[in-house]
file input.txt (compact mmCIF, C-alpha atoms)
# COMPACT_ATOMS: atom_id res chain seq x y z
CA MET V 815 2.07 -12.32 39.38
CA ALA V 816 -0.18 -11.77 36.47
CA THR V 817 -1.78 -14.91 35.12
CA THR V 818 -2.62 -13.54 31.71
CA MET V 819 -1.11 -11.04 29.34
CA GLN V 820 -2.23 -9.15 26.29
CA PHE V 821 -1.66 -11.08 23.09
CA ASP V 822 -1.90 -9.52 19.62
CA LEU V 823 -1.51 -11.24 16.32
CA VAL V 824 -1.36 -8.87 13.37
CA SER V 825 -0.63 -9.37 9.71
CA PRO V 826 -0.11 -6.53 7.21
CA GLU V 827 -3.66 -6.83 5.96
CA ARG V 828 -5.54 -7.08 9.23
CA ALA V 829 -5.37 -7.76 12.92
CA LEU V 830 -6.21 -11.42 13.51
CA ALA V 831 -6.39 -11.70 17.24
CA SER V 832 -6.24 -9.53 20.31
CA LEU V 833 -6.97 -11.30 23.57
CA GLN V 834 -5.76 -12.18 27.05
CA ALA V 835 -3.54 -15.23 26.91
CA SER V 836 -1.88 -17.31 29.58
CA ALA V 837 0.78 -18.80 27.29
CA VAL V 838 1.87 -18.40 23.69
CA GLN V 839 3.97 -20.94 21.84
CA ILE V 840 6.08 -19.20 19.24
CA PRO V 841 7.95 -20.94 16.41
CA GLY V 842 11.14 -18.89 16.77
CA ALA V 843 13.91 -18.94 14.18
CA ASP V 844 16.27 -20.48 16.75
CA GLY V 845 13.72 -22.91 18.13
CA ASP V 846 10.27 -22.94 19.66
CA MET V 847 9.66 -20.90 22.76
CA THR V 848 6.72 -20.40 25.04
CA ALA V 849 6.02 -16.93 26.30
CA MET V 850 4.13 -16.61 29.56
CA PRO V 851 3.28 -13.51 31.57
CA ASP V 852 6.37 -11.74 32.93
CA HIS V 853 8.62 -13.28 30.31
CA ALA V 854 11.87 -11.38 29.82
CA PRO V 855 11.57 -8.78 27.03
CA THR V 856 12.55 -10.57 23.84
CA ILE V 857 12.41 -10.03 20.13
CA THR V 858 12.67 -13.06 17.92
CA THR V 859 12.14 -13.75 14.26
CA LEU V 860 9.73 -16.47 13.22
CA ARG V 861 10.20 -19.49 11.05
CA PRO V 862 7.25 -21.04 9.24
CA GLY V 863 5.40 -23.03 11.88
CA VAL V 864 2.42 -23.23 14.17
CA LEU V 865 1.70 -20.54 16.71
CA THR V 866 -0.42 -21.72 19.63
CA VAL V 867 -2.23 -19.42 22.00
CA GLU V 868 -3.71 -20.54 25.29
CA GLY V 869 -6.43 -18.16 26.28
CA PRO V 870 -9.36 -18.12 28.65
CA ASP V 871 -11.62 -19.59 25.93
CA GLY V 872 -9.34 -22.49 25.14
CA THR V 873 -6.50 -22.92 22.73
CA SER V 874 -6.31 -21.54 19.24
CA SER V 875 -3.54 -22.04 16.74
CA TYR V 876 -2.38 -20.31 13.59
CA ALA V 877 -0.01 -21.25 10.84
CA VAL V 878 2.48 -18.43 10.35
CA THR V 879 5.01 -18.07 7.57
CA GLY V 880 7.44 -15.51 8.90
CA GLY V 881 7.80 -12.20 10.65
CA PHE V 882 8.72 -11.58 14.25
CA ALA V 883 7.45 -11.64 17.79
CA GLU V 884 7.94 -8.99 20.41
CA ILE V 885 7.56 -9.94 24.06
CA ASN V 886 7.62 -7.20 26.66
CA ALA V 887 6.06 -6.20 29.93
CA GLU V 888 2.75 -5.27 28.30
CA GLY V 889 2.34 -8.59 26.55
CA THR V 890 3.21 -10.43 23.41
CA SER V 891 2.74 -9.19 19.88
CA VAL V 892 3.32 -11.35 16.88
CA LEU V 893 3.75 -9.61 13.56
CA ALA V 894 3.33 -12.33 11.00
CA GLU V 895 3.78 -11.85 7.31
CA LYS V 896 0.97 -14.30 6.75
CA ALA V 897 -1.14 -16.02 9.39
CA ILE V 898 -4.00 -18.44 8.83
CA PRO V 899 -6.00 -20.17 11.60
CA THR V 900 -5.01 -23.82 11.35
CA ALA V 901 -8.66 -24.85 11.19
CA ASP V 902 -9.14 -22.84 7.99
CA ILE V 903 -6.01 -23.93 6.20
CA THR V 904 -6.49 -26.00 3.07
CA ALA V 905 -4.23 -28.22 1.04
CA ALA V 906 -4.36 -25.62 -1.73
CA ASP V 907 -3.06 -22.91 0.63
CA MET V 908 -0.22 -25.16 1.66
CA ASP V 909 0.62 -26.08 -1.93
CA GLU V 910 0.83 -22.43 -2.81
CA LEU V 911 3.07 -21.59 0.15
CA ILE V 912 5.39 -24.48 -0.61
CA ALA V 913 5.52 -23.58 -4.28
CA THR V 914 6.50 -20.01 -3.37
CA ALA V 915 9.17 -21.25 -0.94
CA LYS V 916 10.51 -23.67 -3.54
CA ASP V 917 10.66 -20.91 -6.09
CA ALA V 918 12.55 -18.69 -3.66
CA ALA V 919 14.95 -21.50 -2.78
CA GLU V 920 15.77 -22.14 -6.41
CA ASN V 921 16.25 -18.52 -7.31
CA ALA V 922 18.04 -17.40 -4.14
CA ALA V 923 21.45 -15.81 -4.44
CA ALA V 924 24.40 -17.91 -3.20
CA GLU V 925 24.61 -16.28 0.22
CA ASN V 926 20.88 -16.68 0.87
CA LYS V 927 20.68 -20.24 -0.38
CA ASP V 928 20.84 -21.84 3.05
CA ALA V 929 18.18 -19.58 4.52
CA ALA V 930 15.81 -20.18 1.62
CA ALA V 931 16.37 -23.94 1.78
CA LYS V 932 15.66 -23.85 5.52
CA ALA V 933 12.46 -21.90 4.92
CA LEU V 934 11.37 -24.55 2.44
CA ALA V 935 12.16 -27.37 4.87
CA ASP V 936 10.24 -25.54 7.61
CA MET V 937 7.32 -25.10 5.27
CA GLU V 938 7.26 -28.81 4.50
CA ALA V 939 7.51 -29.64 8.20
CA LEU V 940 4.58 -27.30 8.78
CA ARG V 941 2.56 -29.19 6.20
CA ALA V 942 3.39 -32.49 7.86
CA ALA V 943 2.46 -31.07 11.26
CA LEU V 944 -0.88 -29.81 10.00
CA ASN V 945 -1.58 -32.99 8.13
CA VAL V 946 -3.40 -31.39 5.20
CA MET S 805 -28.39 30.24 -32.97
CA PRO S 806 -28.92 26.50 -32.39
CA SER S 807 -32.30 25.11 -33.30
CA LEU S 808 -34.75 23.85 -30.72
CA LYS S 809 -34.01 20.26 -31.61
CA ASP S 810 -30.25 20.78 -31.20
CA LEU S 811 -30.77 22.30 -27.76
CA LYS S 812 -33.03 19.48 -26.73
CA ASN S 813 -30.45 16.89 -27.81
CA ARG S 814 -27.73 18.73 -25.97
CA ILE S 815 -29.73 18.87 -22.74
CA GLU S 816 -30.44 15.17 -23.05
CA SER S 817 -26.75 14.36 -23.55
CA VAL S 818 -25.63 16.47 -20.58
CA LYS S 819 -28.27 14.77 -18.47
CA ASN S 820 -26.81 11.40 -19.41
CA THR S 821 -23.33 12.60 -18.55
CA ARG S 822 -24.60 13.75 -15.18
CA LYS S 823 -26.06 10.32 -14.53
CA ILE S 824 -22.71 8.71 -15.27
CA THR S 825 -20.67 11.07 -13.10
CA LYS S 826 -23.17 10.69 -10.29
CA ALA S 827 -22.87 6.91 -10.49
CA MET S 828 -19.08 7.13 -10.57
CA GLN S 829 -19.12 9.34 -7.51
CA MET S 830 -21.20 6.85 -5.58
CA VAL S 831 -19.02 3.96 -6.64
CA ALA S 832 -15.94 5.92 -5.58
CA ALA S 833 -17.54 6.67 -2.22
CA ALA S 834 -18.15 2.98 -1.59
CA LYS S 835 -14.65 2.07 -2.71
CA LEU S 836 -13.18 4.83 -0.60
CA ARG S 837 -14.76 3.36 2.49
CA ARG S 838 -13.28 -0.01 1.66
CA ALA S 839 -9.87 1.48 0.93
CA GLN S 840 -9.91 3.39 4.19
CA ASP S 841 -10.82 0.26 6.10
CA ALA S 842 -7.93 -1.57 4.47
CA ALA S 843 -5.54 1.24 5.35
CA GLU S 844 -6.89 1.26 8.89
CA ALA S 845 -6.46 -2.51 9.23
CA SER S 846 -2.83 -2.40 8.15
CA ARG S 847 -1.90 0.38 10.54
CA PRO S 848 -1.20 -1.70 13.69
CA TYR S 849 1.25 -3.87 11.76
CA THR S 850 3.03 -0.97 10.12
CA GLU S 851 3.30 1.06 13.30
CA ARG S 852 4.67 -1.75 15.40
CA PHE S 853 6.96 -2.92 12.67
CA ASN S 854 8.47 0.51 12.29
CA ALA S 855 8.82 0.91 16.05
CA VAL S 856 10.78 -2.32 16.39
CA LEU S 857 12.80 -1.71 13.27
CA GLY S 858 13.55 1.84 14.35
CA GLY S 859 14.77 0.63 17.74
CA LEU S 860 16.97 -1.99 16.16
CA ALA S 861 18.31 0.41 13.59
CA ALA S 862 19.22 2.90 16.27
CA SER S 863 21.21 0.34 18.23
CA VAL S 864 22.96 -1.37 15.31
CA GLY S 865 23.01 1.50 12.83
CA GLY S 866 26.25 3.06 13.97
CA SER S 867 28.40 -0.01 13.53
CA ASP S 868 30.33 -0.85 10.37
CA SER S 869 28.57 -4.17 10.00
CA ALA S 870 25.22 -2.48 9.45
CA PRO S 871 23.41 -3.91 6.41
CA LYS S 872 23.51 -1.97 3.18
CA LEU S 873 19.76 -1.47 3.23
CA LEU S 874 20.22 0.64 6.34
CA SER S 875 23.55 2.37 5.84
CA GLY S 876 23.37 2.75 2.05
CA THR S 877 25.93 1.80 -0.54
CA GLY S 878 28.21 4.64 0.41
CA SER S 879 27.29 6.77 -2.57
CA ASP S 880 24.18 8.54 -3.75
CA GLN S 881 24.95 8.76 -7.42
CA THR S 882 22.06 6.78 -8.86
CA HIS S 883 18.54 7.49 -7.71
CA LEU S 884 15.55 5.28 -8.40
CA LEU S 885 12.21 7.01 -8.30
CA VAL S 886 9.27 4.69 -7.77
CA VAL S 887 6.22 6.56 -8.96
CA MET S 888 2.96 5.08 -7.73
CA THR S 889 -0.21 6.26 -9.42
CA ALA S 890 -3.65 4.95 -10.27
CA GLU S 891 -4.52 2.55 -13.04
CA ARG S 892 -7.37 4.74 -14.15
CA GLY S 893 -8.02 8.37 -14.82
CA LEU S 894 -11.04 10.57 -14.16
CA CYS S 895 -9.84 11.37 -10.66
CA GLY S 896 -9.01 15.05 -10.90
CA GLY S 897 -5.42 16.07 -10.46
CA PHE S 898 -4.48 12.92 -8.55
CA ASN S 899 -2.21 11.28 -11.12
CA SER S 900 -0.76 14.46 -12.55
CA ASN S 901 0.08 15.82 -9.08
CA ILE S 902 2.15 12.75 -8.25
CA ALA S 903 3.81 12.78 -11.66
CA LYS S 904 4.54 16.48 -11.27
CA LEU S 905 6.25 15.95 -7.92
CA ALA S 906 8.31 13.10 -9.34
CA ARG S 907 9.26 15.14 -12.38
CA ALA S 908 10.37 18.07 -10.22
CA LYS S 909 12.49 15.74 -8.11
CA ALA S 910 14.01 14.19 -11.23
CA GLU S 911 14.90 17.62 -12.61
CA GLU S 912 16.45 18.60 -9.30
CA LEU S 913 18.55 15.42 -9.16
CA LYS S 914 19.62 15.77 -12.77
CA ALA S 915 20.67 19.36 -12.16
CA ALA S 916 22.83 18.09 -9.27
CA GLY S 917 24.57 15.70 -11.67
CA LYS S 918 22.93 12.51 -10.42
CA THR S 919 21.68 9.64 -12.52
CA VAL S 920 17.93 9.18 -12.37
CA LYS S 921 16.00 5.99 -13.04
CA VAL S 922 12.24 5.66 -12.88
CA LEU S 923 10.07 2.69 -12.04
CA THR S 924 6.34 3.20 -12.30
CA VAL S 925 3.48 1.47 -10.58
CA GLY S 926 0.14 2.21 -12.21
CA LYS S 927 -0.61 2.86 -15.83
CA LYS S 928 -1.40 6.56 -15.61
CA GLY S 929 1.93 7.43 -14.09
CA ARG S 930 3.76 5.45 -16.74
CA ASP S 931 2.04 7.37 -19.51
CA ALA S 932 2.87 10.72 -17.93
CA ILE S 933 6.45 9.86 -17.04
CA LYS S 934 7.34 8.17 -20.31
CA ARG S 935 6.61 11.35 -22.15
CA ASP S 936 9.14 13.45 -20.25
CA LEU S 937 11.60 11.00 -18.75
CA GLY S 938 11.48 8.26 -21.35
CA ASP S 939 15.23 7.64 -21.25
CA ALA S 940 15.23 7.19 -17.45
CA PHE S 941 12.38 4.70 -17.53
CA VAL S 942 13.53 1.26 -16.32
CA GLY S 943 10.39 -0.69 -15.54
CA HIS S 944 6.71 -0.81 -14.82
CA VAL S 945 4.59 -2.80 -12.42
CA ASP S 946 1.18 -3.59 -13.80
CA LEU S 947 -1.65 -3.75 -11.29
CA THR S 948 -4.48 -3.48 -13.81
CA GLU S 949 -5.64 -7.01 -13.07
CA VAL S 950 -5.54 -6.53 -9.31
CA LYS S 951 -8.96 -5.87 -7.84
CA ARG S 952 -7.88 -5.53 -4.26
CA ILE S 953 -4.36 -4.58 -3.28
CA GLY S 954 -2.88 -7.32 -1.12
CA TYR S 955 0.37 -7.65 0.73
CA GLU S 956 1.55 -10.01 -2.03
CA ASN S 957 1.49 -7.15 -4.52
CA ALA S 958 3.70 -5.07 -2.26
CA GLN S 959 6.01 -8.02 -1.72
CA GLU S 960 6.40 -8.45 -5.45
CA ILE S 961 7.34 -4.83 -5.94
CA ALA S 962 9.73 -5.04 -2.99
CA ARG S 963 11.37 -8.15 -4.42
CA ASP S 964 11.88 -6.39 -7.72
CA LEU S 965 13.39 -3.38 -5.94
CA LEU S 966 15.69 -5.47 -3.77
CA ALA S 967 16.91 -7.48 -6.75
CA ARG S 968 17.78 -4.26 -8.51
CA PHE S 969 19.45 -2.93 -5.38
CA ASP S 970 21.53 -6.08 -4.95
CA GLY S 971 22.45 -5.85 -8.61
CA GLY S 972 23.86 -2.40 -7.94
CA GLU S 973 21.36 -0.66 -10.21
CA PHE S 974 20.75 2.21 -7.82
CA ASP S 975 21.92 3.69 -4.52
CA VAL S 976 18.84 5.49 -3.25
CA ALA S 977 15.19 4.63 -3.78
CA THR S 978 12.33 7.05 -3.20
CA ILE S 979 8.65 6.27 -3.51
CA PHE S 980 6.11 8.81 -4.69
CA TYR S 981 2.49 8.50 -3.66
CA ALA S 982 -0.37 10.62 -2.39
CA LYS S 983 -1.08 10.73 1.30
CA PHE S 984 -4.76 10.66 2.12
CA GLN S 985 -5.74 13.68 4.19
CA ASN S 986 -9.44 13.81 3.47
CA VAL S 987 -11.74 13.54 0.50
CA VAL S 988 -10.72 16.90 -0.94
CA THR S 989 -7.05 16.90 0.05
CA GLN S 990 -4.46 14.37 -0.99
CA ILE S 991 -0.85 15.31 -0.50
CA PRO S 992 1.70 14.05 -3.03
CA THR S 993 4.56 12.73 -0.95
CA ALA S 994 8.11 11.58 -1.58
CA GLN S 995 9.50 9.04 0.88
CA GLN S 996 12.94 7.51 0.85
CA ILE S 997 12.82 3.76 1.46
CA ILE S 998 16.35 2.59 0.57
CA PRO S 999 18.48 3.20 2.55
CA ALA S 1000 15.85 3.05 5.26
CA ALA S 1001 15.10 6.31 7.00
CA PHE S 1002 13.45 6.37 10.42
CA ASP S 1003 12.09 9.03 12.68
CA THR S 1004 14.62 8.42 15.40
CA ALA S 1005 15.11 10.10 18.74
CA GLU S 1006 11.54 9.45 19.87
CA ASP S 1007 10.99 8.49 23.49
CA GLU S 1008 14.64 7.49 23.91
CA GLY S 1009 14.41 7.05 27.64
CA ALA S 1010 11.50 4.64 27.64
CA THR S 1011 12.98 1.91 25.47
CA THR S 1012 12.96 -1.57 26.95
CA LEU S 1013 16.09 -3.67 26.83
CA TYR S 1014 15.28 -6.67 24.75
CA ASP S 1015 16.88 -10.06 24.38
CA TYR S 1016 17.36 -10.85 20.74
CA GLU S 1017 17.00 -14.27 19.25
CA PRO S 1018 19.01 -14.75 17.04
CA SER S 1019 21.39 -11.78 17.19
CA GLU S 1020 20.38 -8.16 16.66
CA GLU S 1021 22.20 -8.08 13.33
CA ALA S 1022 20.50 -11.23 12.07
CA ILE S 1023 17.07 -9.92 13.01
CA LEU S 1024 17.80 -6.60 11.38
CA ALA S 1025 18.99 -8.31 8.20
CA ASP S 1026 15.78 -10.33 8.17
CA LEU S 1027 13.51 -7.41 8.90
CA LEU S 1028 14.89 -4.73 6.59
CA PRO S 1029 13.72 -6.37 3.34
CA ARG S 1030 10.32 -6.93 4.96
CA GLY S 1031 10.35 -3.29 5.97
CA VAL S 1032 10.63 -2.27 2.33
CA ALA S 1033 7.58 -4.39 1.52
CA THR S 1034 5.70 -2.98 4.50
CA GLN S 1035 6.37 0.60 3.48
CA ILE S 1036 5.36 -0.07 -0.10
CA PHE S 1037 2.20 -1.79 1.10
CA ALA S 1038 1.30 1.15 3.32
CA ALA S 1039 1.94 3.55 0.45
CA LEU S 1040 -0.17 1.48 -1.95
CA LEU S 1041 -3.09 1.46 0.47
CA GLU S 1042 -2.74 5.16 1.14
CA ASN S 1043 -2.64 5.76 -2.60
CA GLY S 1044 -5.75 3.62 -3.09
CA ALA S 1045 -7.71 5.69 -0.59
CA SER S 1046 -6.40 8.92 -2.10
CA GLU S 1047 -7.37 7.85 -5.59
CA GLN S 1048 -10.94 7.10 -4.58
CA GLY S 1049 -11.13 10.31 -2.59
CA ALA S 1050 -9.85 12.33 -5.53
CA ARG S 1051 -12.25 10.60 -7.90
CA MET S 1052 -15.13 11.20 -5.53
CA SER S 1053 -14.56 14.93 -5.33
CA ALA S 1054 -13.79 15.21 -9.05
CA MET S 1055 -17.02 13.43 -9.91
CA ASP S 1056 -18.94 15.50 -7.39
CA ASN S 1057 -17.69 18.61 -9.18
CA ALA S 1058 -18.53 17.16 -12.56
CA THR S 1059 -22.06 16.33 -11.42
CA ARG S 1060 -22.55 19.84 -10.12
CA ASN S 1061 -21.17 21.38 -13.32
CA ALA S 1062 -23.48 19.22 -15.41
CA GLY S 1063 -26.41 20.43 -13.29
CA ASP S 1064 -25.43 24.08 -13.89
CA MET S 1065 -25.10 23.42 -17.58
CA ILE S 1066 -28.52 21.81 -17.77
CA ASP S 1067 -30.07 24.83 -16.03
CA GLN S 1068 -28.43 27.20 -18.49
CA LEU S 1069 -29.39 25.16 -21.51
CA THR S 1070 -32.95 24.83 -20.27
CA ILE S 1071 -33.26 28.61 -19.95
CA GLU S 1072 -31.87 29.01 -23.45
CA PHE S 1073 -34.24 26.33 -24.73
CA ASN S 1074 -37.28 27.99 -23.17
CA ARG S 1075 -36.23 31.37 -24.50
CA SER S 1076 -35.90 30.17 -28.07
CA ARG S 1077 -39.16 28.27 -27.84
CA GLN S 1078 -40.85 31.47 -26.67
CA ALA S 1079 -39.19 33.38 -29.53
CA VAL S 1080 -40.53 30.88 -32.04
CA ILE S 1081 -44.07 31.21 -30.64
CA THR S 1082 -43.87 35.01 -30.65
CA ASN S 1083 -42.64 34.96 -34.24
CA GLU S 1084 -45.50 32.76 -35.33
CA LEU S 1085 -48.03 35.03 -33.60
CA ILE S 1086 -46.59 38.12 -35.28
CA GLU S 1087 -46.84 36.38 -38.63
CA ILE S 1088 -50.47 35.43 -38.08
CA ILE S 1089 -51.46 38.88 -36.83
CA SER S 1090 -49.68 40.76 -39.61
CA GLY S 1091 -51.19 38.36 -42.11
CA ALA S 1092 -54.66 39.05 -40.71
CA GLU S 1093 -54.10 42.80 -40.73
CA ALA S 1094 -53.01 42.76 -44.36
CA LEU S 1095 -56.36 41.36 -45.46
call {"tool": "encode", "arguments": {"input": "input.txt", "output": "structure tokens"}}
result
Amino acid sequence: MATTMQFDLVSPERALASLQASAVQIPGADGDMTAMPDHAPTITTLRPGVLTVEGPDGTSSYAVTGGFAEINAEGTSVLAEKAIPTADITAADMDELIATAKDAAENAAAENKDAAAKALADMEALRAALNV
Amino acid sequence: MPSLKDLKNRIESVKNTRKITKAMQMVAAAKLRRAQDAAEASRPYTERFNAVLGGLAASVGGSDSAPKLLSGTGSDQTHLLVVMTAERGLCGGFNSNIAKLARAKAEELKAAGKTVKVLTVGKKGRDAIKRDLGDAFVGHVDLTEVKRIGYENAQEIARDLLARFDGGEFDVATIFYAKFQNVVTQIPTAQQIIPAAFDTAEDEGATTLYDYEPSEEAILADLLPRGVATQIFAALLENGASEQGARMSAMDNATRNAGDMIDQLTIEFNRSRQAVITNELIEIISGAEAL
């Protein structure tokens, strides 16, 4: 059994990470999940949260705002709409993200209201988790 | 016949013009490299996104519950043309080629009895389109202040589009931009983004069976609006590279033309200077002979 798998983290503007990982913790829309080598092929959407990658050079984590993750035999790819290494994240970044989410929640159409409110709650939880 | 001083001034002015076009060419070359890097960096995301979305669309697409963004509104009466051009001119036929393609498409749709609406991104396109299709013009996205196109810009445009789509303002949306081939060739392209169109039937046999969390439909509903933003972002980047490429070759041409002009004017200048000298000599000699 393989002990590592290929992990890619890409955002629309650039590729953030491409490395061999032994486990990836993904903040899935239906709950957190950890993908390890030989995980069953899965596609899941992301909620705003912290993505943690365990690689040969230690653990790195990123704050992601949304997008999806694809897990298959070749490895795990996360396509995040926005991803920032948690070490680099600032209070200003967080304020901006929350302001955008709040805006979206207030202006959302009736049928999307719940989803937007959930995104806002997730965003605030993310802030609390990061402690910035 | 222009005087010597006039010629000299003219040569000087063309030389200045050449300096400017040369500088613009070099700036465009540097910007082109940056734009190409940006386009390159976004490619992995776009490719994978489209692959996943295409797979999902193929498996859910047939059912009745398919989202409107995929299956369409059931009519194709109102078309929205999103015309993406540059904010600035002096880039050869870049802006006018895109506008021309959009105009041709609009004429074709109008002839078929459809309603046409136009949304422009980029100032130059707005100016060109407003002249001919002023009554179809519904909006403009201003990117003049934007130094570097980011995903946020694309998201904003996508949000605007989706709001209009949800409001029932149009049935089909097509974006117009120039695909970057190389520095001398940019291909004006029309691409339908709503309802989403995919290159299906690729490597059918090799698809993996995925578990979906949450359901396939929910993921698709989440991804389709993002797909619109992704496609717009890719088109914006492509357009950015094309613009700089077009400007680079246009300015290269201008520099060369200015050089030719300077050569010609210099020959003319030398000739008239020689004529003046010859004239003076003749005058002196004939004056001396008369004595």
call {"tool": "closest_atom_pairs", "arguments": {"input": "input.txt", "of": "chain V", "to": "chain S", "cutoff": "7 Å", "atoms": "only C-alpha atoms", "output": "CSV"}}
result
residue,atom,partner,partner_atom,distance
V:Val824,CA,S:Tyr849,CA,5.9
V:Ser825,CA,S:Tyr849,CA,6.2
V:Pro826,CA,S:Ser846,CA,5.0
V:Glu827,CA,S:Ser846,CA,5.0
V:Arg828,CA,S:Ala845,CA,4.7
V:Ala829,CA,S:Ala845,CA,6.5
V:Asp844,CA,S:Pro1018,CA,6.4
V:Pro855,CA,S:Tyr1014,CA,4.8
V:Thr856,CA,S:Asp1015,CA,4.4
V:Ile857,CA,S:Tyr1016,CA,5.1
V:Thr858,CA,S:Glu1017,CA,4.7
V:Thr859,CA,S:Ile1023,CA,6.4
V:Leu893,CA,S:Tyr849,CA,6.5
call {"tool": "atom_distance", "arguments": {"input": "input.txt", "atom1": "atom CA of S:Ala916", "atom2": "atom CA of S:Val976"}}
result
14.5 Å
call {"tool": "residues_around", "arguments": {"input": "input.txt", "residues": "V:Ile903", "least_positions_apart": "3", "cutoff": "10 Å", "atoms": "all atoms listed in the file", "output": "MDAnalysis selection string"}}
result
chainID V and resid 876:877 897:900 906:908 944 946
call {"tool": "residues_near_point", "arguments": {"input": "input.txt", "point": "(-13.0, 17.2, -11.6)", "cutoff": "12 Å", "atoms": "only C-alpha atoms", "output": "list in words"}}
result
Thr825, Met828, Gln829, Gly893, Leu894, Cys895, Gly896, Gly897, Phe898, Val988, Gly1049, Ala1050, Arg1051, Met1052, Ser1053, Ala1054, Met1055, Asp1056, Asn1057, Ala1058, Thr1059, Arg1060, Asn1061 and Ala1062 of chain S
call {"tool": "atom_distance", "arguments": {"input": "input.txt", "atom1": "atom CA of S:Thr882", "atom2": "atom CA of S:Arg935"}}
result
20.9 Å
call {"tool": "atom_distance", "arguments": {"input": "input.txt", "atom1": "atom CA of V:Gly842", "atom2": "atom CA of S:Pro999"}}
result
27.3 Å
call {"tool": "closest_residue", "arguments": {"input": "input.txt", "among": "V:Met847, V:Val892, V:Ala901, V:Ala931", "to": "V:Thr914", "atoms": "only C-alpha atoms"}}
result
V:Ala931
call {"tool": "residues_around", "arguments": {"input": "input.txt", "residues": "S:Leu836", "least_positions_apart": "3", "cutoff": "6 Å", "atoms": "all atoms listed in the file", "output": "PDB file with C-alpha atoms, in the coordinates of the input"}}
result
ATOM      1  CA  ALA S 832     -15.940   5.920  -5.580  1.00  0.00           C
ATOM      2  CA  ALA S 833     -17.540   6.670  -2.220  1.00  0.00           C
ATOM      3  CA  ALA S 839      -9.870   1.480   0.930  1.00  0.00           C
ATOM      4  CA  GLN S 840      -9.910   3.390   4.190  1.00  0.00           C
ATOM      5  CA  ALA S1045      -7.710   5.690  -0.590  1.00  0.00           C
ATOM      6  CA  GLN S1048     -10.940   7.100  -4.580  1.00  0.00           C
TER       7      GLN S1048
END
call {"tool": "axis_aligned_box", "arguments": {"input": "input.txt", "around": "stretch 845-858 of chain S", "padding_each_side": "6 Å", "output": "JSON"}}
result
{"center_x": 3.5, "center_y": -1.0, "center_z": 12.3, "size_x": 32.0, "size_y": 17.7, "size_z": 20.2}
call {"tool": "residues_around", "arguments": {"input": "input.txt", "residues": "S:Ile815", "least_positions_apart": "5", "cutoff": "8 Å", "atoms": "only C-alpha atoms", "output": "list in words"}}
result
Ile1066, Leu1069 and Thr1070 of chain S
call {"tool": "closest_residue", "arguments": {"input": "input.txt", "among": "S:Ile979, S:Ala994, S:Phe1073, S:Val1032", "to": "S:Asp810", "atoms": "only C-alpha atoms"}}
result
S:Phe1073
call {"tool": "closest_residue", "arguments": {"input": "input.txt", "among": "S:Ile1081, S:Thr948, S:Tyr981, S:Leu811", "to": "S:Lys904", "atoms": "only C-alpha atoms"}}
result
S:Tyr981
call {"tool": "residues_around", "arguments": {"input": "input.txt", "residues": "S:Gly876", "least_positions_apart": "3", "cutoff": "7 Å", "atoms": "only C-alpha atoms", "output": "list in words"}}
result
Lys872, Leu873, Asp975 and Pro999 of chain S
call {"tool": "residues_near_point", "arguments": {"input": "input.txt", "point": "(13.4, -28.1, 0.9)", "cutoff": "12 Å", "atoms": "all atoms listed in the file", "output": "list of chain:residue names"}}
result
V:Ile912, V:Ala913, V:Thr914, V:Ala915, V:Lys916, V:Asp917, V:Ala918, V:Ala919, V:Glu920, V:Lys927, V:Asp928, V:Ala929, V:Ala930, V:Ala931, V:Lys932, V:Ala933, V:Leu934, V:Ala935, V:Asp936, V:Met937, V:Glu938, V:Ala939, V:Leu940
call {"tool": "closest_residue", "arguments": {"input": "input.txt", "among": "V:Thr904, V:Gln820, V:Ser874, V:Gln834", "to": "V:Thr890", "atoms": "only C-alpha atoms"}}
result
V:Gln820
call {"tool": "residues_around", "arguments": {"input": "input.txt", "residues": "S:Phe980", "least_positions_apart": "2", "cutoff": "10 Å", "atoms": "all atoms listed in the file", "output": "list in words"}}
result
Leu885, Val886, Val887, Met888, Thr889, Ile902, Ala903, Leu905, Ala906, Thr924, Val925, Thr978, Ala982, Lys983, Pro992, Thr993, Ala994, Gln995, Gln996, Ala1039 and Asn1043 of chain S
call {"tool": "write_last_selection", "arguments": {"input": "input.txt", "atoms": "C-alpha atoms", "output": "short mmCIF file (atom, residue, chain, number, x, y, z; two decimals), keeping the file's coordinate frame"}}
result
data_model
loop_
_atom_site.label_atom_id
_atom_site.label_comp_id
_atom_site.auth_asym_id
_atom_site.auth_seq_id
_atom_site.Cartn_x
_atom_site.Cartn_y
_atom_site.Cartn_z
CA LEU S 885 12.21 7.01 -8.30
CA VAL S 886 9.27 4.69 -7.77
CA VAL S 887 6.22 6.56 -8.96
CA MET S 888 2.96 5.08 -7.73
CA THR S 889 -0.21 6.26 -9.42
CA ILE S 902 2.15 12.75 -8.25
CA ALA S 903 3.81 12.78 -11.66
CA LEU S 905 6.25 15.95 -7.92
CA ALA S 906 8.31 13.10 -9.34
CA THR S 924 6.34 3.20 -12.30
CA VAL S 925 3.48 1.47 -10.58
CA THR S 978 12.33 7.05 -3.20
CA ALA S 982 -0.37 10.62 -2.39
CA LYS S 983 -1.08 10.73 1.30
CA PRO S 992 1.70 14.05 -3.03
CA THR S 993 4.56 12.73 -0.95
CA ALA S 994 8.11 11.58 -1.58
CA GLN S 995 9.50 9.04 0.88
CA GLN S 996 12.94 7.51 0.85
CA ALA S 1039 1.94 3.55 0.45
CA ASN S 1043 -2.64 5.76 -2.60
#
